[in-house]
$ cat protein_23.csv   # CSV, C-alpha atoms
chain,number,residue,atom,x,y,z
A,14,MET,CA,14.0,-18.6,12.4
A,15,THR,CA,12.4,-18.8,9.0
A,16,VAL,CA,12.9,-16.3,6.3
A,17,GLY,CA,10.1,-16.4,3.8
A,18,GLU,CA,9.9,-14.4,0.6
A,19,PRO,CA,11.1,-10.8,1.1
A,20,ARG,CA,8.1,-8.7,1.9
A,21,ALA,CA,7.2,-5.1,2.6
A,22,VAL,CA,4.1,-4.1,4.4
A,23,ALA,CA,2.4,-0.8,5.3
A,24,VAL,CA,0.6,-0.5,8.6
A,25,SER,CA,-2.2,1.9,7.5
A,26,LEU,CA,-5.5,3.3,8.4
A,27,THR,CA,-6.7,6.8,7.3
A,28,LYS,CA,-7.3,7.8,10.9
A,29,GLY,CA,-5.0,8.7,13.8
A,30,GLY,CA,-5.1,7.2,17.3
A,31,VAL,CA,-5.7,3.6,16.3
A,32,GLY,CA,-2.4,2.3,17.5
A,33,LYS,CA,-0.7,2.0,14.1
A,34,THR,CA,2.7,3.0,15.6
A,35,ALA,CA,2.6,0.3,18.4
A,36,VAL,CA,1.6,-2.3,15.8
A,37,ALA,CA,4.4,-1.2,13.4
A,38,ILE,CA,7.1,-1.1,16.0
A,39,ASN,CA,6.2,-4.5,17.5
A,40,LEU,CA,5.6,-6.1,14.1
A,41,ALA,CA,9.1,-5.0,13.0
A,42,ASP,CA,10.5,-6.3,16.3
A,43,ARG,CA,8.9,-9.7,15.8
A,44,LEU,CA,9.9,-9.9,12.1
A,45,GLN,CA,13.5,-9.2,13.1
A,46,GLN,CA,13.4,-12.6,14.8
A,47,ARG,CA,12.6,-14.1,11.4
A,48,GLY,CA,14.8,-12.1,9.1
A,49,ARG,CA,16.6,-8.8,8.6
A,50,THR,CA,14.0,-6.0,9.1
A,51,LEU,CA,13.8,-2.3,8.4
A,52,LEU,CA,11.2,0.0,10.0
A,53,VAL,CA,10.5,3.1,8.0
A,54,ASP,CA,8.7,5.9,9.8
A,55,ILE,CA,7.0,8.0,7.1
A,56,ASP,CA,4.7,9.7,9.5
A,57,PRO,CA,5.8,13.4,9.9
A,58,ALA,CA,4.7,13.1,13.5
A,59,GLY,CA,7.6,10.8,14.2
A,60,ASN,CA,6.0,8.7,16.8
A,61,ALA,CA,7.7,5.5,15.7
A,62,THR,CA,11.0,7.2,15.7
A,63,GLU,CA,10.5,8.3,19.2
A,64,GLY,CA,9.0,5.0,20.3
A,65,VAL,CA,12.2,3.1,19.4
A,66,GLY,CA,14.4,5.5,21.3
A,67,GLU,CA,15.7,7.5,18.3
A,68,ALA,CA,14.0,10.8,19.0
A,69,ASP,CA,17.3,12.7,18.3
A,70,ALA,CA,17.2,11.5,14.7
A,71,TYR,CA,14.0,13.4,14.2
A,72,ASP,CA,15.9,16.7,13.8
A,73,LEU,CA,18.6,15.5,11.5
A,74,GLU,CA,19.2,17.5,8.3
A,75,ASP,CA,19.3,14.4,6.1
A,76,HIS,CA,16.3,12.2,6.2
A,77,ILE,CA,14.0,10.0,4.1
A,78,GLY,CA,12.4,13.1,2.5
A,79,THR,CA,15.6,14.7,1.3
A,80,TYR,CA,16.9,11.3,0.1
A,81,LEU,CA,13.7,10.5,-1.9
A,82,LYS,CA,13.7,14.0,-3.3
A,83,GLU,CA,17.3,13.8,-4.5
A,84,ALA,CA,17.0,10.2,-5.7
A,85,ALA,CA,13.9,10.9,-7.7
A,86,MET,CA,15.7,13.6,-9.6
A,87,ALA,CA,19.0,11.9,-10.1
A,88,ASP,CA,20.1,10.2,-13.3
A,89,ASP,CA,20.6,6.4,-13.1
A,90,ASP,CA,24.3,6.4,-12.4
A,91,GLU,CA,24.4,9.6,-10.4
A,92,THR,CA,25.5,9.5,-6.7
A,93,VAL,CA,22.7,10.7,-4.5
A,94,ASP,CA,23.4,12.9,-1.6
A,95,PRO,CA,22.3,12.1,1.1
A,96,SER,CA,22.7,8.4,0.2
A,97,LEU,CA,20.5,5.6,1.5
A,98,ASP,CA,23.2,4.7,3.9
A,99,ASP,CA,23.1,8.2,5.3
A,100,ILE,CA,19.5,7.9,6.4
A,101,ILE,CA,19.4,4.3,7.7
A,102,ILE,CA,20.1,3.9,11.4
A,103,GLU,CA,21.6,0.5,12.0
A,104,ARG,CA,20.5,-0.8,15.4
A,105,GLU,CA,20.9,-3.8,17.6
A,106,GLY,CA,17.4,-5.1,16.7
A,107,PHE,CA,15.7,-4.0,13.5
A,108,ASP,CA,17.1,-1.0,11.6
A,109,LEU,CA,15.3,2.3,11.3
A,110,ILE,CA,14.7,5.0,8.8
A,111,PRO,CA,13.5,7.8,11.1
A,112,SER,CA,10.9,10.4,10.3
A,113,SER,CA,11.8,14.1,10.3
A,114,ALA,CA,10.3,17.4,11.3
A,115,ASP,CA,10.8,18.5,7.7
A,116,LEU,CA,9.2,15.4,6.1
A,117,ALA,CA,6.1,17.2,4.9
A,118,THR,CA,8.2,19.8,3.0
A,119,SER,CA,10.0,17.2,1.0
A,120,GLU,CA,6.7,15.4,0.4
A,121,SER,CA,5.1,18.4,-1.3
A,122,ILE,CA,8.2,19.1,-3.4
A,123,ILE,CA,8.3,15.5,-4.6
A,124,ASP,CA,4.6,15.6,-5.3
A,125,ALA,CA,5.0,18.8,-7.3
A,126,GLU,CA,8.1,17.8,-9.3
A,127,ASN,CA,7.5,14.2,-10.2
A,128,ARG,CA,4.9,12.9,-12.5
A,129,PHE,CA,5.4,9.5,-11.0
A,130,ALA,CA,5.7,10.6,-7.4
A,131,ILE,CA,3.7,7.5,-6.3
A,132,LEU,CA,6.5,5.2,-7.5
A,133,VAL,CA,9.1,7.0,-5.4
A,134,ILE,CA,9.2,4.6,-2.5
A,135,LYS,CA,9.1,1.6,-4.7
A,136,GLN,CA,11.9,2.7,-7.0
A,137,GLN,CA,14.2,4.6,-4.7
A,138,LEU,CA,13.8,2.4,-1.6
A,139,LEU,CA,12.2,-1.0,-1.9
A,140,ASP,CA,13.7,-2.0,-5.3
A,141,ILE,CA,17.1,-1.3,-3.8
A,142,VAL,CA,16.9,-2.8,-0.3
A,143,LEU,CA,14.1,-5.4,-0.2
A,144,GLY,CA,15.5,-9.0,-0.7
A,145,ASP,CA,19.0,-7.7,-0.7
A,146,ARG,CA,19.7,-5.8,2.5
A,147,TYR,CA,16.4,-6.6,4.2
A,148,ASP,CA,14.0,-9.5,4.2
A,149,TYR,CA,11.2,-7.4,5.6
A,150,VAL,CA,10.3,-3.7,5.5
A,151,VAL,CA,7.6,-2.3,7.7
A,152,PHE,CA,6.1,1.2,7.1
A,153,ASP,CA,4.5,3.2,9.9
A,154,THR,CA,2.2,5.6,7.9
A,155,PRO,CA,0.4,8.8,8.8
A,156,GLY,CA,-3.3,8.8,9.5
A,157,ASP,CA,-3.9,12.1,7.5
A,158,SER,CA,-6.4,11.7,4.7
A,159,ASP,CA,-4.0,13.1,2.1
A,160,SER,CA,-0.5,11.7,2.3
A,161,LEU,CA,1.7,11.0,-0.8
A,162,PHE,CA,4.1,9.0,1.3
A,163,ARG,CA,1.4,6.7,2.6
A,164,GLU,CA,0.0,6.2,-0.9
A,165,ALA,CA,3.5,5.6,-2.2
A,166,ALA,CA,4.3,3.1,0.6
A,167,ILE,CA,1.1,1.2,0.0
A,168,PHE,CA,1.7,1.2,-3.8
A,169,GLY,CA,5.3,0.1,-3.3
A,170,ALA,CA,4.8,-2.4,-0.6
A,171,GLY,CA,1.8,-4.0,-2.1
A,172,ASN,CA,0.8,-5.3,1.3
A,173,VAL,CA,-1.2,-3.6,4.0
A,174,ILE,CA,-2.0,-4.4,7.6
A,175,VAL,CA,-5.0,-2.5,8.8
A,176,PRO,CA,-5.3,-1.9,12.6
A,177,MET,CA,-8.9,-1.0,13.7
A,178,THR,CA,-10.1,0.1,17.0
A,179,PRO,CA,-13.6,-0.6,18.3
A,180,ALA,CA,-14.9,2.9,17.3
A,181,GLU,CA,-17.0,4.2,14.5
A,182,GLU,CA,-14.2,6.6,13.3
A,183,SER,CA,-12.1,3.5,12.7
A,184,VAL,CA,-14.7,2.2,10.3
A,185,ARG,CA,-14.8,5.5,8.5
A,186,GLY,CA,-11.0,5.5,8.3
A,187,PHE,CA,-11.0,2.0,6.8
A,188,GLU,CA,-13.7,3.1,4.3
A,189,THR,CA,-11.5,6.1,3.2
A,190,LEU,CA,-8.4,3.9,2.9
A,191,LEU,CA,-10.2,1.4,0.7
A,192,LYS,CA,-12.0,4.0,-1.5
A,193,THR,CA,-9.2,6.5,-2.0
A,194,GLU,CA,-6.1,4.3,-1.9
A,195,ILE,CA,-6.4,0.5,-2.0
A,196,VAL,CA,-9.1,0.2,-4.7
A,197,PRO,CA,-7.6,2.8,-7.0
A,198,ALA,CA,-4.1,1.4,-6.6
A,199,ARG,CA,-5.4,-2.0,-7.7
A,200,ASP,CA,-5.9,-0.5,-11.2
A,201,HIS,CA,-2.2,-0.5,-11.5
A,202,THR,CA,-0.6,-3.0,-9.2
A,203,ASP,CA,-1.3,-5.8,-6.7
A,204,VAL,CA,-2.3,-4.5,-3.2
A,205,ASP,CA,-3.2,-7.2,-0.7
A,206,ILE,CA,-4.7,-6.6,2.7
A,207,LEU,CA,-2.7,-9.2,4.7
A,208,ALA,CA,-4.8,-8.8,7.8
A,209,ILE,CA,-7.3,-6.5,9.6
A,210,VAL,CA,-6.2,-6.4,13.2
A,211,PRO,CA,-8.6,-5.5,16.0
A,212,ASN,CA,-6.4,-3.2,18.1
A,213,MET,CA,-6.6,-1.5,21.5
A,214,MET,CA,-9.3,-3.9,22.4
A,215,LEU,CA,-11.3,-4.1,25.6
A,216,SER,CA,-13.9,-6.5,26.8
A,217,ASP,CA,-16.8,-4.2,26.2
A,218,ASN,CA,-19.7,-4.2,23.7
A,219,GLU,CA,-17.9,-2.1,21.2
A,220,SER,CA,-15.0,-4.6,21.1
A,221,GLN,CA,-17.4,-7.4,20.7
A,222,TRP,CA,-19.2,-5.5,17.9
A,223,LEU,CA,-15.9,-4.9,16.0
A,224,CYS,CA,-14.9,-8.6,16.1
A,225,ASP,CA,-18.4,-9.8,15.1
A,226,GLU,CA,-18.6,-7.4,12.2
A,227,LEU,CA,-15.1,-8.2,10.9
A,228,ASN,CA,-15.7,-11.9,11.3
A,229,GLU,CA,-18.9,-11.5,9.3
A,230,SER,CA,-17.7,-9.3,6.5
A,231,PHE,CA,-13.9,-9.8,6.4
A,232,GLY,CA,-13.5,-13.3,8.0
A,233,ASP,CA,-10.7,-14.2,5.6
A,234,LEU,CA,-8.7,-11.1,6.7
A,235,LEU,CA,-9.2,-11.5,10.5
A,236,PRO,CA,-6.4,-13.3,12.2
A,237,PRO,CA,-7.3,-16.3,14.4
A,238,PHE,CA,-6.4,-14.2,17.5
A,239,GLY,CA,-9.1,-11.7,16.5
A,240,HIS,CA,-12.0,-14.3,16.3
A,241,PRO,CA,-15.1,-13.3,18.3
A,242,SER,CA,-15.4,-16.8,19.7
A,243,LEU,CA,-12.4,-16.0,22.0
A,244,PHE,CA,-14.8,-13.8,24.0
A,245,ASP,CA,-16.6,-17.0,25.1
A,246,ASP,CA,-13.5,-19.1,25.8
A,247,ASP,CA,-12.6,-18.9,29.4
A,248,GLU,CA,-9.2,-20.5,28.8
A,249,GLU,CA,-8.2,-17.8,26.3
A,250,ILE,CA,-7.5,-14.1,26.4
A,251,ASP,CA,-10.3,-12.1,24.8
A,252,PRO,CA,-9.6,-11.4,21.1
A,253,GLY,CA,-7.4,-8.9,19.3
A,254,ILE,CA,-4.4,-6.9,20.4
A,255,ARG,CA,-5.6,-5.8,23.8
A,256,GLN,CA,-5.3,-2.4,25.3
A,257,ARG,CA,-2.4,-2.8,27.6
A,258,ILE,CA,-0.6,-0.1,29.6
A,259,ALA,CA,2.7,-2.0,28.8
A,260,PHE,CA,2.4,-0.8,25.1
A,261,LYS,CA,2.5,2.8,26.2
A,262,ARG,CA,5.2,2.3,28.7
A,263,ALA,CA,7.4,0.4,26.3
A,264,TRP,CA,7.0,3.3,23.8
A,265,ARG,CA,8.0,5.8,26.5
A,266,GLU,CA,11.1,3.7,27.2
A,267,GLY,CA,11.9,3.6,23.5
A,268,VAL,CA,11.8,-0.2,23.3
A,269,PRO,CA,9.5,-2.9,21.8
A,270,LEU,CA,7.0,-4.6,24.0
A,271,ALA,CA,9.0,-7.9,24.1
A,272,GLU,CA,12.0,-6.0,25.5
A,273,TYR,CA,10.0,-4.0,28.0
A,274,ASP,CA,7.9,-7.0,29.2
A,275,PRO,CA,9.1,-10.3,27.9
A,276,ASP,CA,6.2,-12.0,29.7
A,277,SER,CA,3.5,-9.9,28.1
A,278,ASP,CA,0.5,-12.0,26.9
A,279,MET,CA,0.5,-10.0,23.7
A,280,ILE,CA,3.8,-11.2,22.3
A,281,ASP,CA,2.3,-14.5,21.0
A,282,ARG,CA,-0.2,-12.5,19.1
A,283,LEU,CA,2.4,-10.2,17.7
A,284,ASP,CA,4.3,-13.3,16.6
A,285,GLU,CA,1.2,-14.6,14.9
A,286,LEU,CA,1.0,-11.3,13.0
A,287,ALA,CA,4.6,-11.5,12.0
A,288,ASP,CA,4.0,-15.0,10.7
A,289,ILE,CA,1.1,-13.7,8.6
A,290,VAL,CA,3.5,-11.2,7.0
A,291,VAL,CA,6.1,-14.0,6.4
A,292,ARG,CA,3.4,-16.2,4.8
A,293,GLY,CA,1.9,-13.3,2.8
A,294,GLY,CA,-1.5,-13.6,4.3
A,295,ILE,CA,-3.5,-15.4,7.0
A,296,ASN,CA,-3.6,-18.6,4.9
A,297,GLY,CA,-0.5,-17.9,2.9
A,298,GLU,CA,-0.4,-16.3,-0.5
B,23,MET,CA,-26.5,0.0,10.7
B,24,GLY,CA,-22.9,-1.2,11.3
B,25,SER,CA,-23.6,-4.4,9.5
B,26,ASP,CA,-24.6,-2.8,6.2
B,27,ARG,CA,-21.5,-0.6,6.4
B,28,PHE,CA,-19.2,-3.5,6.9
B,29,SER,CA,-20.8,-5.6,4.2
B,30,GLU,CA,-20.7,-2.7,1.7
B,31,LEU,CA,-17.0,-2.3,2.4
B,32,SER,CA,-16.5,-6.0,2.1
B,33,ASP,CA,-18.2,-6.1,-1.3
B,34,MET,CA,-16.1,-3.1,-2.5
B,35,GLU,CA,-12.9,-4.8,-1.3
B,36,ALA,CA,-13.8,-8.2,-2.8
B,37,GLN,CA,-14.7,-6.6,-6.2
B,38,SER,CA,-11.5,-4.7,-6.5
B,39,ARG,CA,-9.6,-7.8,-5.4
B,40,GLN,CA,-11.4,-9.8,-8.1
B,41,GLN,CA,-10.5,-7.2,-10.7
B,42,ASP,CA,-6.9,-7.2,-9.5
B,43,ASP,CA,-6.7,-11.0,-9.8
B,44,ASP,CA,-8.3,-10.9,-13.2
B,45,ASP,CA,-5.6,-8.5,-14.3
B,46,ASP,CA,-3.0,-10.9,-13.2
B,47,LEU,CA,-4.4,-14.0,-14.8
B,48,GLU,CA,-3.7,-15.2,-18.2
B,49,PRO,CA,-6.8,-14.6,-20.3
B,50,GLU,CA,-9.5,-17.1,-19.4
B,51,THR,CA,-12.5,-17.8,-21.7
B,52,GLU,CA,-15.1,-17.3,-19.0
B,53,SER,CA,-13.7,-14.5,-16.8
B,54,LYS,CA,-15.7,-11.4,-16.3
B,55,SER,CA,-14.6,-7.9,-17.0
B,56,GLU,CA,-17.3,-5.7,-15.4
B,57,PRO,CA,-16.4,-5.0,-11.8
B,58,THR,CA,-19.7,-3.6,-10.7
B,59,THR,CA,-21.8,-6.7,-11.3
B,60,SER,CA,-21.4,-10.4,-10.8
B,61,GLU,CA,-23.8,-11.2,-13.7
B,62,PRO,CA,-22.0,-12.3,-16.9
B,63,GLU,CA,-22.3,-9.6,-19.5
B,64,PRO,CA,-24.2,-10.8,-22.5
B,65,GLU,CA,-22.1,-8.8,-24.9
B,66,SER,CA,-18.8,-9.9,-23.4
B,67,GLN,CA,-18.3,-12.7,-25.8
B,68,PRO,CA,-15.0,-12.7,-27.7
B,69,ASP,CA,-15.7,-11.4,-31.3
B,70,ALA,CA,-12.3,-12.3,-32.6
B,71,THR,CA,-9.5,-14.7,-31.5
B,72,GLY,CA,-8.5,-12.6,-28.5
B,73,ASP,CA,-11.1,-11.3,-26.0
B,74,ILE,CA,-11.2,-7.5,-26.1
B,75,HIS,CA,-12.7,-7.4,-22.6
B,76,GLU,CA,-9.5,-8.8,-21.1
B,77,THR,CA,-6.5,-6.7,-20.6
B,78,ALA,CA,-3.8,-7.4,-23.2
B,79,PHE,CA,-0.9,-7.9,-20.8
B,80,ASN,CA,-0.2,-7.9,-17.1
B,81,TYR,CA,1.3,-5.2,-14.9
B,82,ASP,CA,4.3,-7.4,-14.4
B,83,GLU,CA,5.0,-7.4,-18.1
B,84,ALA,CA,5.1,-3.7,-18.3
B,85,LYS,CA,8.3,-1.6,-18.0
B,86,GLN,CA,7.9,1.8,-16.4
B,87,SER,CA,10.1,4.4,-17.9
B,88,PRO,CA,9.8,8.2,-17.6
B,89,ILE,CA,8.7,10.2,-20.6
B,90,TYR,CA,9.7,13.8,-20.6
B,91,ALA,CA,7.1,16.0,-22.3
B,92,ARG,CA,5.8,19.5,-21.8
B,93,PRO,CA,3.0,19.9,-19.3
B,94,SER,CA,0.8,21.3,-22.1
B,95,THR,CA,1.4,18.1,-24.1
B,96,TRP,CA,0.6,15.9,-21.2
B,97,ASP,CA,-2.6,17.9,-20.7
B,98,GLU,CA,-3.6,17.4,-24.3
B,99,TYR,CA,-2.8,13.7,-24.1
B,100,ASP,CA,-4.8,13.2,-20.9
B,101,ASP,CA,-7.7,15.1,-22.5
B,102,ALA,CA,-7.5,12.9,-25.6
B,103,LEU,CA,-7.4,9.7,-23.4
B,104,GLU,CA,-10.3,10.8,-21.3
B,105,LEU,CA,-12.5,12.4,-23.9
B,106,ASP,CA,-11.8,10.5,-27.1
B,107,ILE,CA,-9.9,7.3,-26.7
B,108,GLU,CA,-11.9,6.0,-23.7
B,109,ARG,CA,-15.1,7.0,-25.4
B,110,SER,CA,-14.2,5.0,-28.5
B,111,LEU,CA,-13.4,2.1,-26.3
B,112,ARG,CA,-16.7,2.4,-24.5
B,113,LYS,CA,-18.5,2.1,-27.8
B,114,GLN,CA,-16.9,-1.3,-28.1
B,115,ASP,CA,-18.0,-2.0,-24.5
B,116,VAL,CA,-14.5,-1.9,-23.2
B,117,ARG,CA,-14.4,-0.1,-19.9
B,118,ASN,CA,-11.4,-1.7,-18.2
B,119,ALA,CA,-8.5,-0.2,-20.3
B,120,SER,CA,-5.5,0.1,-18.0
B,121,LYS,CA,-3.0,3.0,-18.1
B,122,ARG,CA,-0.3,0.6,-19.2
B,123,GLU,CA,-2.3,-0.6,-22.2
B,124,LEU,CA,-3.1,3.0,-23.2
B,125,HIS,CA,0.6,4.0,-22.9
B,126,ASP,CA,1.7,0.8,-24.8
B,127,ALA,CA,-0.8,1.6,-27.6
B,128,THR,CA,0.5,5.2,-27.8
B,129,LEU,CA,4.1,4.1,-28.1
B,130,ARG,CA,3.2,1.5,-30.8
B,131,LEU,CA,1.4,4.2,-32.7
B,132,ALA,CA,4.5,6.3,-32.7
B,133,ALA,CA,6.8,3.4,-33.6
B,134,GLU,CA,4.6,2.5,-36.5
B,135,ASN,CA,4.6,6.1,-37.8
B,136,PRO,CA,8.2,7.4,-37.6
B,137,GLU,CA,7.8,10.0,-40.3
B,138,LEU,CA,4.9,11.5,-38.5
B,139,VAL,CA,6.9,11.6,-35.2
B,140,ALA,CA,9.8,13.4,-37.1
B,141,GLU,CA,7.3,15.8,-38.6
B,142,LYS,CA,5.8,16.6,-35.1
B,143,LEU,CA,9.3,17.2,-33.7
B,144,LEU,CA,10.2,19.6,-36.5
B,145,GLU,CA,6.8,21.3,-36.2
B,146,ALA,CA,7.6,22.0,-32.5
B,147,ARG,CA,11.1,23.4,-33.3
B,148,ARG,CA,9.6,25.7,-36.0
B,149,GLN,CA,7.1,27.0,-33.6
B,150,GLY,CA,9.6,27.3,-30.8
$ encode --input "protein_23.csv" --output "structure tokens"
Amino acid sequence: MTVGEPRAVAVSLTKGGVGKTAVAINLADRLQQRGRTLLVDIDPAGNATEGVGEADAYDLEDHIGTYLKEAAMADDDETVDPSLDDIIIEREGFDLIPSSADLATSESIIDAENRFAILVIKQQLLDIVLGDRYDYVVFDTPGDSDSLFREAAIFGAGNVIVPMTPAEESVRGFETLLKTEIVPARDHTDVDILAIVPNMMLSDNESQWLCDELNESFGDLLPPFGHPSLFDDDEEIDPGIRQRIAFKRAWREGVPLAEYDPDSDMIDRLDELADIVVRGGINGE
Amino acid sequence: MGSDRFSELSDMEAQSRQQDDDDDLEPETESKSEPTTSEPEPESQPDATGDIHETAFNYDEAKQSPIYARPSTWDEYDDALELDIERSLRKQDVRNASKRELHDATLRLAAENPELVAEKLLEARRQG
């Protein structure tokens, strides 16, 4: 077990259905082997909350939205109700801050009432827990094009993992993420893309196309397990995080892949991804 | 078609990363300030001891603290920033002024003109 510098990372793409949740859950699970890890589900859809077996928490009255709303309005020495402890679920593996059915409501209130709403996750969550209570914090973010919490998570974490599927919509989602969030945020703070992960990959032409294009244009952000040369290597599994039914089944069982199927051939790759987060990039910071 | 798309995105990403890195570095004599071109700017030579094309201080050196003001005051301030202050800076070929530098300059202006600040406060009370 190696604990690197404390680090928060947002798993993000401005597009749904690219497997962000599976990457976020399993990244948190692998990071937990390396240090104390918190998974924060800021997607109002609550898929990560459900996928780690905490679906009941989705309907709780106190949640990350109510906490952030109260904390943002409180004076420095004022006690916040609900407190951070009230919304963190301590679990056997990594801890969880679950999503809520009411997340979107708090999000719009925070957005309307705070001039510095974009700083809310940094100031009210990460500045408090990262490096103290947790070594790693992973955000599962929504794919909607307009999401304060995703922007605030990217701004606060300063690190992004981008999962991309072999489909044109994925490229558009990446374009939107870069243009509307990452590039503008860089006017104010450091935002690093730690890795672009070819996700839900098959062995078809589209998958080959995605790997080739990423290798050509974003070679320094493509993890070794995503390199297109793996298509030609008979000894190796084809590149990327592969589309495996085990991901879906693990999610349905509410457990990470490594618990559902400890022999899965994707665990090594998820470990590699966790190491990239620990190092702060494919080749380190 | 795909290739162009990816390479455009790659350029956009790299340029903004470069800009970000420049912000973080201590001022260097040869670093560029214009994000949209890799050509050195002929006018971007320092004309005094410090280089006006480099940001004055890093994000890490700034302290974020809330300022409470009326929405109408914020609007006037934002308009002044956008319409007048940034235009004045552009005349000096400075296009990379960061929010932190603008806020820092605003606070210094107030700190250097305490009587004027008091006068403004009293003016608001009289009007209120």
$ interface_residues --input "protein_23.csv" --of "chain B" --to "chain A" --cutoff "10 Å" --atoms "all atoms listed in the file" --output "PDB file with C-alpha atoms, keeping the file's coordinate frame"
ATOM      1  CA  GLY B  24     -22.900  -1.200  11.300  1.00  0.00           C
ATOM      2  CA  SER B  25     -23.600  -4.400   9.500  1.00  0.00           C
ATOM      3  CA  ASP B  26     -24.600  -2.800   6.200  1.00  0.00           C
ATOM      4  CA  ARG B  27     -21.500  -0.600   6.400  1.00  0.00           C
ATOM      5  CA  PHE B  28     -19.200  -3.500   6.900  1.00  0.00           C
ATOM      6  CA  SER B  29     -20.800  -5.600   4.200  1.00  0.00           C
ATOM      7  CA  GLU B  30     -20.700  -2.700   1.700  1.00  0.00           C
ATOM      8  CA  LEU B  31     -17.000  -2.300   2.400  1.00  0.00           C
ATOM      9  CA  SER B  32     -16.500  -6.000   2.100  1.00  0.00           C
ATOM     10  CA  ASP B  33     -18.200  -6.100  -1.300  1.00  0.00           C
ATOM     11  CA  MET B  34     -16.100  -3.100  -2.500  1.00  0.00           C
ATOM     12  CA  GLU B  35     -12.900  -4.800  -1.300  1.00  0.00           C
ATOM     13  CA  ALA B  36     -13.800  -8.200  -2.800  1.00  0.00           C
ATOM     14  CA  GLN B  37     -14.700  -6.600  -6.200  1.00  0.00           C
ATOM     15  CA  SER B  38     -11.500  -4.700  -6.500  1.00  0.00           C
ATOM     16  CA  ARG B  39      -9.600  -7.800  -5.400  1.00  0.00           C
ATOM     17  CA  GLN B  40     -11.400  -9.800  -8.100  1.00  0.00           C
ATOM     18  CA  GLN B  41     -10.500  -7.200 -10.700  1.00  0.00           C
ATOM     19  CA  ASP B  42      -6.900  -7.200  -9.500  1.00  0.00           C
ATOM     20  CA  ASP B  43      -6.700 -11.000  -9.800  1.00  0.00           C
ATOM     21  CA  ASP B  45      -5.600  -8.500 -14.300  1.00  0.00           C
ATOM     22  CA  ASP B  46      -3.000 -10.900 -13.200  1.00  0.00           C
ATOM     23  CA  ASN B  80      -0.200  -7.900 -17.100  1.00  0.00           C
ATOM     24  CA  TYR B  81       1.300  -5.200 -14.900  1.00  0.00           C
ATOM     25  CA  ASP B  82       4.300  -7.400 -14.400  1.00  0.00           C
ATOM     26  CA  GLN B  86       7.900   1.800 -16.400  1.00  0.00           C
ATOM     27  CA  SER B  87      10.100   4.400 -17.900  1.00  0.00           C
ATOM     28  CA  PRO B  88       9.800   8.200 -17.600  1.00  0.00           C
ATOM     29  CA  ILE B  89       8.700  10.200 -20.600  1.00  0.00           C
ATOM     30  CA  TYR B  90       9.700  13.800 -20.600  1.00  0.00           C
ATOM     31  CA  PRO B  93       3.000  19.900 -19.300  1.00  0.00           C
ATOM     32  CA  ASN B 118     -11.400  -1.700 -18.200  1.00  0.00           C
ATOM     33  CA  ALA B 119      -8.500  -0.200 -20.300  1.00  0.00           C
ATOM     34  CA  SER B 120      -5.500   0.100 -18.000  1.00  0.00           C
ATOM     35  CA  LYS B 121      -3.000   3.000 -18.100  1.00  0.00           C
ATOM     36  CA  ARG B 122      -0.300   0.600 -19.200  1.00  0.00           C
TER      37      ARG B 122
END
$ atom_distance --input "protein_23.csv" --atom1 "CA of Phe260 in chain A" --atom2 "CA of Leu215 in chain A"
14.1 Å
$ atom_distance --input "protein_23.csv" --atom1 "CA of Ala85 in chain A" --atom2 "CA of Val133 in chain A"
6.6 Å
$ atom_distance --input "protein_23.csv" --atom1 "CA of Thr50 in chain A" --atom2 "CA of Arg146 in chain A"
8.7 Å
$ closest_residue --input "protein_23.csv" --among "A:Asp108, A:Phe162, A:Asn60, A:Ser113" --to "Glu74 in chain A" --atoms "all atoms listed in the file"
A:Ser113
$ residues_around --input "protein_23.csv" --residues "range 255-258 of chain A" --least-positions-apart "2" --cutoff "7 Å" --atoms "all atoms listed in the file" --output "number ranges by chain"
A: 212-215, 253, 260-262
$ closest_residue --input "protein_23.csv" --among "A:Glu248, A:Asp98, A:Glu194, A:Asp42" --to "Ser158 in chain A" --atoms "all atoms listed in the file"
A:Glu194
$ build_atoms --input "protein_23.csv" --residues "range 22-29 of chain A" --atoms "N, CA and C atoms" --output "mmCIF file, keeping the file's coordinate frame"
data_model
loop_
_atom_site.group_PDB
_atom_site.id
_atom_site.type_symbol
_atom_site.label_atom_id
_atom_site.label_comp_id
_atom_site.auth_asym_id
_atom_site.auth_seq_id
_atom_site.Cartn_x
_atom_site.Cartn_y
_atom_site.Cartn_z
ATOM 1 N N VAL A 22 5.473 -4.231 3.999
ATOM 2 C CA VAL A 22 4.100 -4.100 4.400
ATOM 3 C C VAL A 22 3.890 -2.679 5.022
ATOM 4 N N ALA A 23 2.752 -2.064 4.679
ATOM 5 C CA ALA A 23 2.400 -0.800 5.300
ATOM 6 C C ALA A 23 1.352 -0.955 6.321
ATOM 7 N N VAL A 24 1.613 -0.448 7.522
ATOM 8 C CA VAL A 24 0.600 -0.500 8.600
ATOM 9 C C VAL A 24 -0.207 0.799 8.414
ATOM 10 N N SER A 25 -1.459 0.663 7.970
ATOM 11 C CA SER A 25 -2.200 1.900 7.500
ATOM 12 C C SER A 25 -3.651 1.860 7.909
ATOM 13 N N LEU A 26 -4.111 3.024 8.279
ATOM 14 C CA LEU A 26 -5.500 3.300 8.400
ATOM 15 C C LEU A 26 -5.629 4.845 8.255
ATOM 16 N N THR A 27 -6.630 5.315 7.487
ATOM 17 C CA THR A 27 -6.700 6.800 7.300
ATOM 18 C C THR A 27 -7.413 7.366 8.526
ATOM 19 N N LYS A 28 -6.741 7.284 9.646
ATOM 20 C CA LYS A 28 -7.300 7.800 10.900
ATOM 21 C C LYS A 28 -6.174 7.688 11.947
ATOM 22 N N GLY A 29 -6.055 8.730 12.750
ATOM 23 C CA GLY A 29 -5.000 8.700 13.800
ATOM 24 C C GLY A 29 -5.560 8.034 15.061
#
